[in-house]
$ cat data-v3.cif   # mmCIF, C-alpha atoms and all ligand atoms
data_run
loop_
_atom_site.label_atom_id
_atom_site.label_comp_id
_atom_site.auth_asym_id
_atom_site.auth_seq_id
_atom_site.Cartn_x
_atom_site.Cartn_y
_atom_site.Cartn_z
CA MET Y 189 0.00 0.00 0.00
CA SER Y 190 2.95 2.32 0.58
CA ASP Y 191 3.26 3.05 -3.15
CA THR Y 192 -0.33 4.21 -3.53
CA THR Y 193 -0.79 7.49 -5.37
CA GLY Y 194 -4.43 7.77 -4.34
CA LEU Y 195 -5.84 8.71 -0.96
CA ALA Y 196 -4.44 6.39 1.73
CA LEU Y 197 -7.13 5.62 4.31
CA ALA Y 198 -7.15 3.50 7.44
CA VAL Y 199 -10.02 2.74 9.80
CA VAL Y 200 -9.65 1.43 13.32
CA THR Y 201 -12.75 -0.73 13.88
CA LEU Y 202 -13.97 -3.77 15.77
CA PHE Y 203 -16.05 -4.72 12.71
CA PRO Y 204 -13.81 -4.47 9.64
CA GLU Y 205 -16.12 -6.73 7.59
CA MET Y 206 -18.77 -4.00 7.58
CA PHE Y 207 -16.58 -1.90 5.26
CA GLY Y 208 -17.27 -4.26 2.36
CA ALA Y 209 -20.44 -2.17 1.97
CA LEU Y 210 -18.15 0.69 0.96
CA THR Y 211 -15.38 -1.07 -0.97
CA ASN Y 212 -17.47 -3.60 -2.94
CA TRP Y 213 -20.25 -1.50 -4.41
CA GLY Y 214 -21.03 1.32 -6.81
CA VAL Y 215 -18.98 4.48 -7.10
CA THR Y 216 -16.83 3.74 -4.05
CA GLY Y 217 -16.19 0.17 -5.23
CA ARG Y 218 -15.11 1.32 -8.68
CA ALA Y 219 -12.87 4.06 -7.25
CA LYS Y 220 -11.13 1.41 -5.16
CA GLU Y 221 -10.56 -0.81 -8.23
CA GLN Y 222 -9.18 2.20 -10.07
CA GLY Y 223 -6.69 2.82 -7.27
CA ARG Y 224 -8.09 6.23 -6.35
CA TYR Y 225 -7.92 5.25 -2.70
CA ASP Y 226 -6.72 2.42 -0.55
CA LEU Y 227 -8.38 1.35 2.69
CA ALA Y 228 -6.55 -0.45 5.50
CA LEU Y 229 -8.74 -1.95 8.24
CA VAL Y 230 -7.22 -2.38 11.67
CA ASN Y 231 -9.03 -4.28 14.41
CA PRO Y 232 -8.20 -3.26 18.01
CA ARG Y 233 -9.05 -6.84 18.98
CA GLU Y 234 -5.70 -7.87 17.49
CA PHE Y 235 -3.91 -5.61 19.94
CA ALA Y 236 -5.61 -6.96 23.07
CA THR Y 237 -3.14 -8.26 25.61
CA ASP Y 238 -5.20 -11.00 27.27
CA ARG Y 239 -6.29 -14.29 25.77
CA HIS Y 240 -9.94 -13.23 25.66
CA GLY Y 241 -9.13 -10.35 23.32
CA THR Y 242 -10.59 -7.78 25.71
CA VAL Y 243 -10.83 -4.27 24.23
CA ASP Y 244 -13.26 -2.66 26.69
CA ASP Y 245 -13.79 -2.34 30.42
CA ARG Y 246 -16.31 -1.00 32.94
CA PRO Y 247 -16.51 2.78 33.33
CA TYR Y 248 -14.91 4.46 36.33
CA GLY Y 249 -17.65 5.94 38.47
CA GLY Y 250 -20.06 3.15 37.58
CA GLY Y 251 -23.07 3.25 35.31
CA PRO Y 252 -24.14 1.28 32.29
CA GLY Y 253 -22.11 0.16 29.32
CA MET Y 254 -18.45 -0.38 28.61
CA VAL Y 255 -15.61 1.90 27.54
CA MET Y 256 -12.94 1.15 24.91
CA LYS Y 257 -9.51 0.99 26.55
CA ALA Y 258 -6.99 3.74 25.72
CA PRO Y 259 -3.79 1.62 25.57
CA ILE Y 260 -5.39 -0.83 23.13
CA MET Y 261 -6.71 1.96 20.93
CA GLU Y 262 -3.24 3.53 20.96
CA ALA Y 263 -1.67 0.27 19.81
CA ALA Y 264 -4.30 -0.10 17.08
CA LEU Y 265 -3.64 3.46 15.93
CA THR Y 266 0.07 2.70 15.68
CA GLY Y 267 -0.92 -0.36 13.64
CA ALA Y 268 -2.99 1.86 11.34
CA ARG Y 269 -0.06 4.25 10.84
CA SER Y 270 2.25 1.42 9.82
CA ALA Y 271 -0.41 -0.02 7.49
CA LEU Y 272 -0.38 3.33 5.67
CA GLY Y 273 3.38 3.13 5.05
CA PRO Y 274 5.27 6.41 4.48
CA LYS Y 275 2.02 8.40 4.52
CA GLY Y 276 1.11 7.00 7.94
CA SER Y 277 3.24 9.07 10.28
CA ALA Y 278 1.69 12.40 9.24
CA ALA Y 279 -1.87 11.14 8.75
CA PRO Y 280 -4.40 13.18 10.77
CA VAL Y 281 -6.70 11.18 13.03
CA VAL Y 282 -10.48 11.62 12.94
CA ALA Y 283 -12.75 9.99 15.52
CA MET Y 284 -16.44 9.50 14.75
CA SER Y 285 -18.49 10.90 17.63
CA PRO Y 286 -21.93 12.43 18.13
CA GLN Y 287 -20.08 15.15 20.07
CA GLY Y 288 -17.92 16.20 17.11
CA ARG Y 289 -18.27 18.85 14.44
CA ARG Y 290 -21.26 18.15 12.21
CA LEU Y 291 -20.18 16.73 8.85
CA ASP Y 292 -20.86 18.98 5.87
CA ASP Y 293 -19.65 19.48 2.29
CA ALA Y 294 -16.89 21.92 3.30
CA LEU Y 295 -15.41 19.40 5.72
CA VAL Y 296 -15.73 16.61 3.12
CA MET Y 297 -13.77 18.68 0.58
CA GLU Y 298 -11.10 19.49 3.16
CA LEU Y 299 -10.57 15.78 3.86
CA ALA Y 300 -10.68 14.86 0.14
CA GLN Y 301 -7.61 17.03 -0.40
CA LEU Y 302 -5.41 15.22 2.15
CA PRO Y 303 -2.91 12.53 1.07
CA SER Y 304 -4.08 10.30 3.91
CA PHE Y 305 -6.09 10.16 7.12
CA ILE Y 306 -7.14 7.68 9.77
CA VAL Y 307 -10.70 7.20 11.06
CA VAL Y 308 -11.42 5.74 14.49
CA ALA Y 309 -14.82 4.10 15.04
CA GLY Y 310 -16.10 3.76 18.58
CA ARG Y 311 -18.43 1.14 20.05
CA TYR Y 312 -20.17 0.70 23.43
CA GLU Y 313 -20.30 3.98 25.41
CA GLY Y 314 -17.34 5.29 23.44
CA ILE Y 315 -13.56 5.51 23.87
CA ASP Y 316 -11.57 6.49 26.98
CA GLU Y 317 -11.35 10.31 26.86
CA ARG Y 318 -7.56 10.26 27.38
CA PHE Y 319 -7.05 8.49 24.04
CA LEU Y 320 -9.17 11.16 22.30
CA ASP Y 321 -7.22 13.97 24.02
CA ALA Y 322 -3.82 12.53 23.18
CA PHE Y 323 -4.20 11.15 19.66
CA VAL Y 324 -7.28 12.49 17.90
CA ASP Y 325 -7.08 15.67 15.82
CA ARG Y 326 -10.79 16.12 15.29
CA GLU Y 327 -14.08 14.50 16.17
CA ILE Y 328 -16.76 14.37 13.48
CA SER Y 329 -20.49 13.75 13.92
CA VAL Y 330 -22.96 12.69 11.23
CA GLY Y 331 -25.89 14.36 13.01
CA ASP Y 332 -27.63 14.99 16.30
CA PHE Y 333 -28.59 11.40 17.01
CA VAL Y 334 -26.75 8.36 18.35
CA VAL Y 335 -26.09 5.13 16.46
CA SER Y 336 -24.58 1.98 17.96
CA GLY Y 337 -21.12 2.29 16.51
CA GLY Y 338 -18.77 4.47 14.51
CA GLU Y 339 -18.71 2.16 11.46
CA LEU Y 340 -21.78 3.52 9.65
CA PRO Y 341 -20.79 7.14 10.40
CA ALA Y 342 -17.24 6.36 9.14
CA MET Y 343 -18.66 4.85 5.94
CA LEU Y 344 -20.86 7.91 5.40
CA LEU Y 345 -17.84 10.14 5.79
CA LEU Y 346 -15.62 8.01 3.55
CA ASP Y 347 -18.25 7.63 0.81
CA ALA Y 348 -18.74 11.40 0.75
CA VAL Y 349 -14.95 11.93 0.53
CA ILE Y 350 -14.26 9.22 -2.05
CA ARG Y 351 -16.90 10.46 -4.53
CA ARG Y 352 -15.18 13.86 -4.48
CA LEU Y 353 -11.77 12.42 -5.44
CA PRO Y 354 -10.78 13.49 -8.97
CA GLY Y 355 -12.23 11.08 -11.53
CA ALA Y 356 -14.26 9.04 -9.05
CA LEU Y 357 -17.55 10.07 -10.64
CA GLY Y 358 -18.13 9.29 -14.30
CA HIS Y 359 -18.85 12.86 -15.31
CA SER Y 360 -16.33 15.19 -13.77
CA ASP Y 361 -18.99 17.85 -13.29
CA SER Y 362 -21.66 15.74 -11.66
CA ALA Y 363 -20.41 16.46 -8.14
CA GLU Y 364 -20.43 20.22 -8.74
CA GLU Y 365 -24.12 20.08 -9.55
CA ASP Y 366 -25.05 17.98 -6.54
CA SER Y 367 -26.61 19.61 -3.52
CA PHE Y 368 -24.32 21.76 -1.31
CA ALA Y 369 -21.33 21.89 -3.69
CA ASP Y 370 -22.25 25.47 -4.66
CA GLY Y 371 -24.16 26.17 -1.46
CA LEU Y 372 -27.53 25.31 -3.05
CA LEU Y 373 -29.76 22.25 -3.19
CA ASP Y 374 -29.79 20.36 -6.50
CA CYS Y 375 -32.57 20.95 -9.06
CA PRO Y 376 -35.26 18.26 -9.66
CA HIS Y 377 -34.48 15.50 -12.19
CA TYR Y 378 -36.69 13.71 -14.73
CA THR Y 379 -36.32 10.82 -17.16
CA ARG Y 380 -38.66 8.95 -19.54
CA PRO Y 381 -41.65 8.62 -19.83
CA GLU Y 382 -42.54 12.17 -20.80
CA GLU Y 383 -45.90 11.84 -19.07
CA TYR Y 384 -46.38 9.95 -15.81
CA HIS Y 385 -49.69 9.77 -13.88
CA GLY Y 386 -50.82 12.81 -15.84
CA GLN Y 387 -47.73 14.83 -14.94
CA ARG Y 388 -45.60 16.09 -17.79
CA VAL Y 389 -41.87 16.78 -17.70
CA PRO Y 390 -41.30 20.56 -17.56
CA GLN Y 391 -41.45 21.76 -21.18
CA VAL Y 392 -38.15 23.64 -21.04
CA LEU Y 393 -36.25 20.34 -20.50
CA LEU Y 394 -37.55 19.09 -23.86
CA SER Y 395 -36.69 22.31 -25.69
CA GLY Y 396 -33.05 21.50 -26.45
CA ASP Y 397 -32.19 25.12 -25.58
CA HIS Y 398 -29.19 24.65 -23.30
CA GLY Y 399 -29.13 28.25 -22.13
CA GLU Y 400 -32.78 28.14 -21.10
CA ILE Y 401 -32.30 24.74 -19.44
CA ALA Y 402 -29.35 25.98 -17.39
CA ARG Y 403 -31.36 29.06 -16.38
CA TRP Y 404 -34.37 26.94 -15.34
CA ARG Y 405 -32.18 24.56 -13.31
CA ARG Y 406 -30.49 27.43 -11.51
CA GLN Y 407 -33.88 28.94 -10.74
CA GLN Y 408 -35.20 25.64 -9.38
CA SER Y 409 -32.12 25.26 -7.16
CA LEU Y 410 -32.57 28.74 -5.78
CA LYS Y 411 -36.30 28.23 -5.21
CA ARG Y 412 -35.87 24.89 -3.45
CA THR Y 413 -33.08 26.14 -1.25
CA ALA Y 414 -35.12 29.20 -0.25
CA GLU Y 415 -38.14 27.00 0.55
CA ARG Y 416 -36.47 24.02 2.17
CA ARG Y 417 -33.27 25.39 3.65
CA PRO Y 418 -33.54 29.05 4.59
CA ASP Y 419 -30.48 28.47 6.79
CA LEU Y 420 -28.34 27.74 3.69
CA MET Y 421 -29.89 30.66 1.84
CA ALA Y 422 -28.93 33.04 4.63
CA GLU Y 423 -25.25 32.14 4.16
CA LEU Y 424 -25.21 32.90 0.41
CA VAL Y 425 -24.31 36.10 -1.34
CA LEU Y 426 -26.49 35.99 -4.46
CA SER Y 427 -25.58 37.65 -7.74
CA GLU Y 428 -27.99 40.15 -9.30
CA GLN Y 429 -28.88 37.46 -11.84
CA ASP Y 430 -29.74 34.96 -9.09
CA ASN Y 431 -31.84 37.53 -7.26
CA ALA Y 432 -33.75 38.21 -10.46
CA LEU Y 433 -34.32 34.50 -11.04
CA LEU Y 434 -35.59 34.07 -7.50
CA GLU Y 435 -38.01 36.98 -7.81
CA GLU Y 436 -39.54 35.64 -11.02
N1 LIG R 1 -21.99 7.65 24.78
C1 LIG R 1 -21.73 8.35 23.54
C2 LIG R 1 -22.30 7.59 22.35
C3 LIG R 1 -21.63 6.27 22.07
S1 LIG R 1 -22.27 5.49 20.66
C4 LIG R 1 -22.37 9.71 23.61
O1 LIG R 1 -23.52 9.80 24.06
O2 LIG R 1 -21.76 10.70 23.18
C5 LIG R 1 -20.90 4.48 20.17
C6 LIG R 1 -20.05 5.02 19.05
O3 LIG R 1 -20.85 5.24 17.91
C7 LIG R 1 -19.34 6.35 19.30
O4 LIG R 1 -18.14 6.16 19.96
C8 LIG R 1 -19.15 6.87 17.88
O5 LIG R 1 -17.96 6.36 17.30
C9 LIG R 1 -20.34 6.30 17.13
N2 LIG R 1 -21.41 7.28 16.92
C10 LIG R 1 -22.65 7.26 17.45
N3 LIG R 1 -23.40 8.28 17.02
C11 LIG R 1 -22.64 8.99 16.16
C12 LIG R 1 -22.84 10.17 15.39
N4 LIG R 1 -23.98 10.84 15.40
N5 LIG R 1 -21.83 10.60 14.63
C13 LIG R 1 -20.65 9.95 14.59
N6 LIG R 1 -20.39 8.84 15.31
C14 LIG R 1 -21.36 8.35 16.10
#
$ encode --input "data-v3.cif" --output "structure tokens"
Amino acid sequence: MSDTTGLALAVVTLFPEMFGALTNWGVTGRAKEQGRYDLALVNPREFATDRHGTVDDRPYGGGPGMVMKAPIMEAALTGARSALGPKGSAAPVVAMSPQGRRLDDALVMELAQLPSFIVVAGRYEGIDERFLDAFVDREISVGDFVVSGGELPAMLLLDAVIRRLPGALGHSDSAEEDSFADGLLDCPHYTRPEEYHGQRVPQVLLSGDHGEIARWRRQQSLKRTAERRPDLMAELVLSEQDNALLEE
């Protein structure tokens, strides 16, 4: 893996098999085959020091659940760095956590530009705070809710990053037109048949007039964003043209 020219990724996880959902299918599967990224999976279980493979322990202070042990996570992280080869020593470390910064397109793009990074997935009540303090550069959340483990959040993050790697999507411009890339929601899409349950495809899309189509799509994006996500709208500085489209 050390000779990879693509993005070098490693995930520390108790359930490495889950990541087949990312590496075997669709856009992220094809990008892997094309060598646009490499993914090393490191299981903390392999760094347990007792014969039961213990990775967690009861929380100090009592209460429910278990906590992932700091020394074992540290050893697994070192394992992840060596799996990444020369890129490993400088790789930033991200931990998935509901207490982290909320994932968004800006953060995805920032990560997509790195040569490598490591993702740590928690389980149980989470990871001993001292490991997070000492070794984790940033915590990232996928939303204000709690799931049972960091694997699905890590896969969400990695899918979002991988599809933004150069060439990962068939059409180089299809990411730019997706929601959020330009601060707006995407426009609605239609395909055949032309009429469906009495509803016709907007006439302009059949016109073949590329200027008019682009204008209509931009207008739809603006309208939807204003209606559905006033919070996004508030952050935008609209051009005179956009303002005119929105007023129409
Ligand atoms: N006790 C913790 C939640 C633990 S859930 C708390 O309330 O903050 C177990 C693991 O799932 C976490 O360590 C984290 O890796 C992952 N996880 C759960 N919800 C998440 C979210 N919204 N975003 C990112 N990771 C999450």
$ residues_near_ligand --input "data-v3.cif" --ligand "ligand LIG 1 (chain R)" --cutoff "10 Å" --atoms "only C-alpha atoms and all ligand atoms" --output "ChimeraX atom specification"
/Y:201,253-256,283-291,307-316,327-342,344-345
$ closest_residue --input "data-v3.cif" --among "Y:Leu302, Y:Leu265, Y:Leu210, Y:Ala219" --to "Ala198 of chain Y" --atoms "all atoms listed in the file"
Y:Leu265
$ atom_distance --input "data-v3.cif" --atom1 "atom CA of Phe319 of chain Y" --atom2 "atom CA of Ala209 of chain Y"
27.9 Å
$ residues_around --input "data-v3.cif" --residues "segment 293-300 of chain Y" --least-positions-apart "4" --cutoff "8 Å" --atoms "only C-alpha atoms" --output "ChimeraX atom specification"
/Y:195,305,345,348-350,352-353,368-369
$ closest_residue --input "data-v3.cif" --among "Y:Arg218, Y:Phe235, Y:Met206, Y:Ile306" --to "Ser277 of chain Y" --atoms "only C-alpha atoms"
Y:Ile306
$ atom_distance --input "data-v3.cif" --atom1 "atom CA of Pro280 of chain Y" --atom2 "atom CA of Tyr225 of chain Y"
16.0 Å
$ closest_residue --input "data-v3.cif" --among "Y:Gln391, Y:Thr211, Y:Ser409, Y:Thr379" --to "Gly223 of chain Y" --atoms "all atoms listed in the file"
Y:Thr211
$ residues_around --input "data-v3.cif" --residues "Ala236 of chain Y" --least-positions-apart "4" --cutoff "10 Å" --atoms "only C-alpha atoms" --output "PDB file with C-alpha atoms, in the coordinates of the input"
ATOM      1  CA  ASN Y 231      -9.030  -4.280  14.410  1.00  0.00           C
ATOM      2  CA  PRO Y 232      -8.200  -3.260  18.010  1.00  0.00           C
ATOM      3  CA  HIS Y 240      -9.940 -13.230  25.660  1.00  0.00           C
ATOM      4  CA  GLY Y 241      -9.130 -10.350  23.320  1.00  0.00           C
ATOM      5  CA  THR Y 242     -10.590  -7.780  25.710  1.00  0.00           C
ATOM      6  CA  VAL Y 243     -10.830  -4.270  24.230  1.00  0.00           C
ATOM      7  CA  ASP Y 244     -13.260  -2.660  26.690  1.00  0.00           C
ATOM      8  CA  LYS Y 257      -9.510   0.990  26.550  1.00  0.00           C
ATOM      9  CA  PRO Y 259      -3.790   1.620  25.570  1.00  0.00           C
ATOM     10  CA  ILE Y 260      -5.390  -0.830  23.130  1.00  0.00           C
ATOM     11  CA  MET Y 261      -6.710   1.960  20.930  1.00  0.00           C
ATOM     12  CA  ALA Y 263      -1.670   0.270  19.810  1.00  0.00           C
ATOM     13  CA  ALA Y 264      -4.300  -0.100  17.080  1.00  0.00           C
TER      14      ALA Y 264
END
$ closest_residue --input "data-v3.cif" --among "Y:Arg239, Y:Gly386, Y:Leu420, Y:Arg403" --to "Ala432 of chain Y" --atoms "all atoms listed in the file"
Y:Arg403
$ build_atoms --input "data-v3.cif" --residues "segment 399-421 of chain Y" --atoms "N, CA, C and O atoms" --output "CSV table (one decimal), keeping the file's coordinate frame"
chain,number,residue,atom,x,y,z
Y,399,GLY,N,-29.1,27.0,-22.9
Y,399,GLY,CA,-29.1,28.2,-22.1
Y,399,GLY,C,-30.4,28.3,-21.2
Y,399,GLY,O,-30.3,28.6,-20.0
Y,400,GLU,N,-31.5,28.1,-21.8
Y,400,GLU,CA,-32.8,28.1,-21.1
Y,400,GLU,C,-32.8,27.0,-20.0
Y,400,GLU,O,-33.3,27.2,-18.9
Y,401,ILE,N,-32.3,25.9,-20.4
Y,401,ILE,CA,-32.3,24.7,-19.4
Y,401,ILE,C,-31.4,25.1,-18.2
Y,401,ILE,O,-31.8,24.9,-17.1
Y,402,ALA,N,-30.3,25.6,-18.5
Y,402,ALA,CA,-29.4,26.0,-17.4
Y,402,ALA,C,-30.0,27.0,-16.5
Y,402,ALA,O,-29.9,27.0,-15.2
Y,403,ARG,N,-30.7,28.0,-17.1
Y,403,ARG,CA,-31.4,29.1,-16.4
Y,403,ARG,C,-32.5,28.5,-15.5
Y,403,ARG,O,-32.6,28.8,-14.3
Y,404,TRP,N,-33.3,27.6,-16.1
Y,404,TRP,CA,-34.4,26.9,-15.3
Y,404,TRP,C,-33.8,26.1,-14.1
Y,404,TRP,O,-34.4,26.2,-13.0
Y,405,ARG,N,-32.7,25.4,-14.4
Y,405,ARG,CA,-32.2,24.6,-13.3
Y,405,ARG,C,-31.7,25.4,-12.2
Y,405,ARG,O,-31.9,25.1,-11.0
Y,406,ARG,N,-31.0,26.5,-12.5
Y,406,ARG,CA,-30.5,27.4,-11.5
Y,406,ARG,C,-31.7,28.0,-10.7
Y,406,ARG,O,-31.6,28.1,-9.5
Y,407,GLN,N,-32.7,28.4,-11.4
Y,407,GLN,CA,-33.9,28.9,-10.7
Y,407,GLN,C,-34.5,27.9,-9.8
Y,407,GLN,O,-34.9,28.3,-8.7
Y,408,GLN,N,-34.6,26.7,-10.2
Y,408,GLN,CA,-35.2,25.6,-9.4
Y,408,GLN,C,-34.4,25.4,-8.1
Y,408,GLN,O,-34.9,25.3,-7.0
Y,409,SER,N,-33.0,25.4,-8.3
Y,409,SER,CA,-32.1,25.3,-7.2
Y,409,SER,C,-32.3,26.4,-6.2
Y,409,SER,O,-32.4,26.1,-4.9
Y,410,LEU,N,-32.4,27.6,-6.7
Y,410,LEU,CA,-32.6,28.7,-5.8
Y,410,LEU,C,-33.9,28.7,-5.0
Y,410,LEU,O,-34.0,28.8,-3.8
Y,411,LYS,N,-35.0,28.3,-5.8
Y,411,LYS,CA,-36.3,28.2,-5.2
Y,411,LYS,C,-36.4,27.2,-4.1
Y,411,LYS,O,-36.8,27.4,-3.0
Y,412,ARG,N,-35.8,26.0,-4.4
Y,412,ARG,CA,-35.9,24.9,-3.4
Y,412,ARG,C,-35.1,25.2,-2.2
Y,412,ARG,O,-35.5,24.9,-1.1
Y,413,THR,N,-33.9,25.8,-2.4
Y,413,THR,CA,-33.1,26.1,-1.2
Y,413,THR,C,-33.8,27.2,-0.4
Y,413,THR,O,-33.8,27.0,0.9
Y,414,ALA,N,-34.4,28.2,-1.0
Y,414,ALA,CA,-35.1,29.2,-0.2
Y,414,ALA,C,-36.3,28.6,0.5
Y,414,ALA,O,-36.5,28.9,1.7
Y,415,GLU,N,-37.0,27.6,-0.1
Y,415,GLU,CA,-38.1,27.0,0.6
Y,415,GLU,C,-37.7,26.0,1.6
Y,415,GLU,O,-38.3,26.0,2.7
Y,416,ARG,N,-36.8,25.1,1.3
Y,416,ARG,CA,-36.5,24.0,2.2
Y,416,ARG,C,-35.4,24.3,3.2
Y,416,ARG,O,-35.4,23.7,4.2
Y,417,ARG,N,-34.4,25.2,2.8
Y,417,ARG,CA,-33.3,25.4,3.6
Y,417,ARG,C,-32.9,26.9,3.8
Y,417,ARG,O,-31.9,27.3,3.3
Y,418,PRO,N,-33.8,27.6,4.4
Y,418,PRO,CA,-33.5,29.0,4.6
Y,418,PRO,C,-32.2,29.3,5.3
Y,418,PRO,O,-31.6,30.3,5.1
Y,419,ASP,N,-31.8,28.3,6.1
Y,419,ASP,CA,-30.5,28.5,6.8
Y,419,ASP,C,-29.3,28.5,5.8
Y,419,ASP,O,-28.4,29.3,6.0
Y,420,LEU,N,-29.4,27.7,4.7
Y,420,LEU,CA,-28.3,27.7,3.7
Y,420,LEU,C,-28.4,29.0,2.9
Y,420,LEU,O,-27.4,29.7,2.6
Y,421,MET,N,-29.7,29.4,2.6
Y,421,MET,CA,-29.9,30.7,1.8
Y,421,MET,C,-29.3,31.9,2.5
Y,421,MET,O,-28.7,32.7,1.9
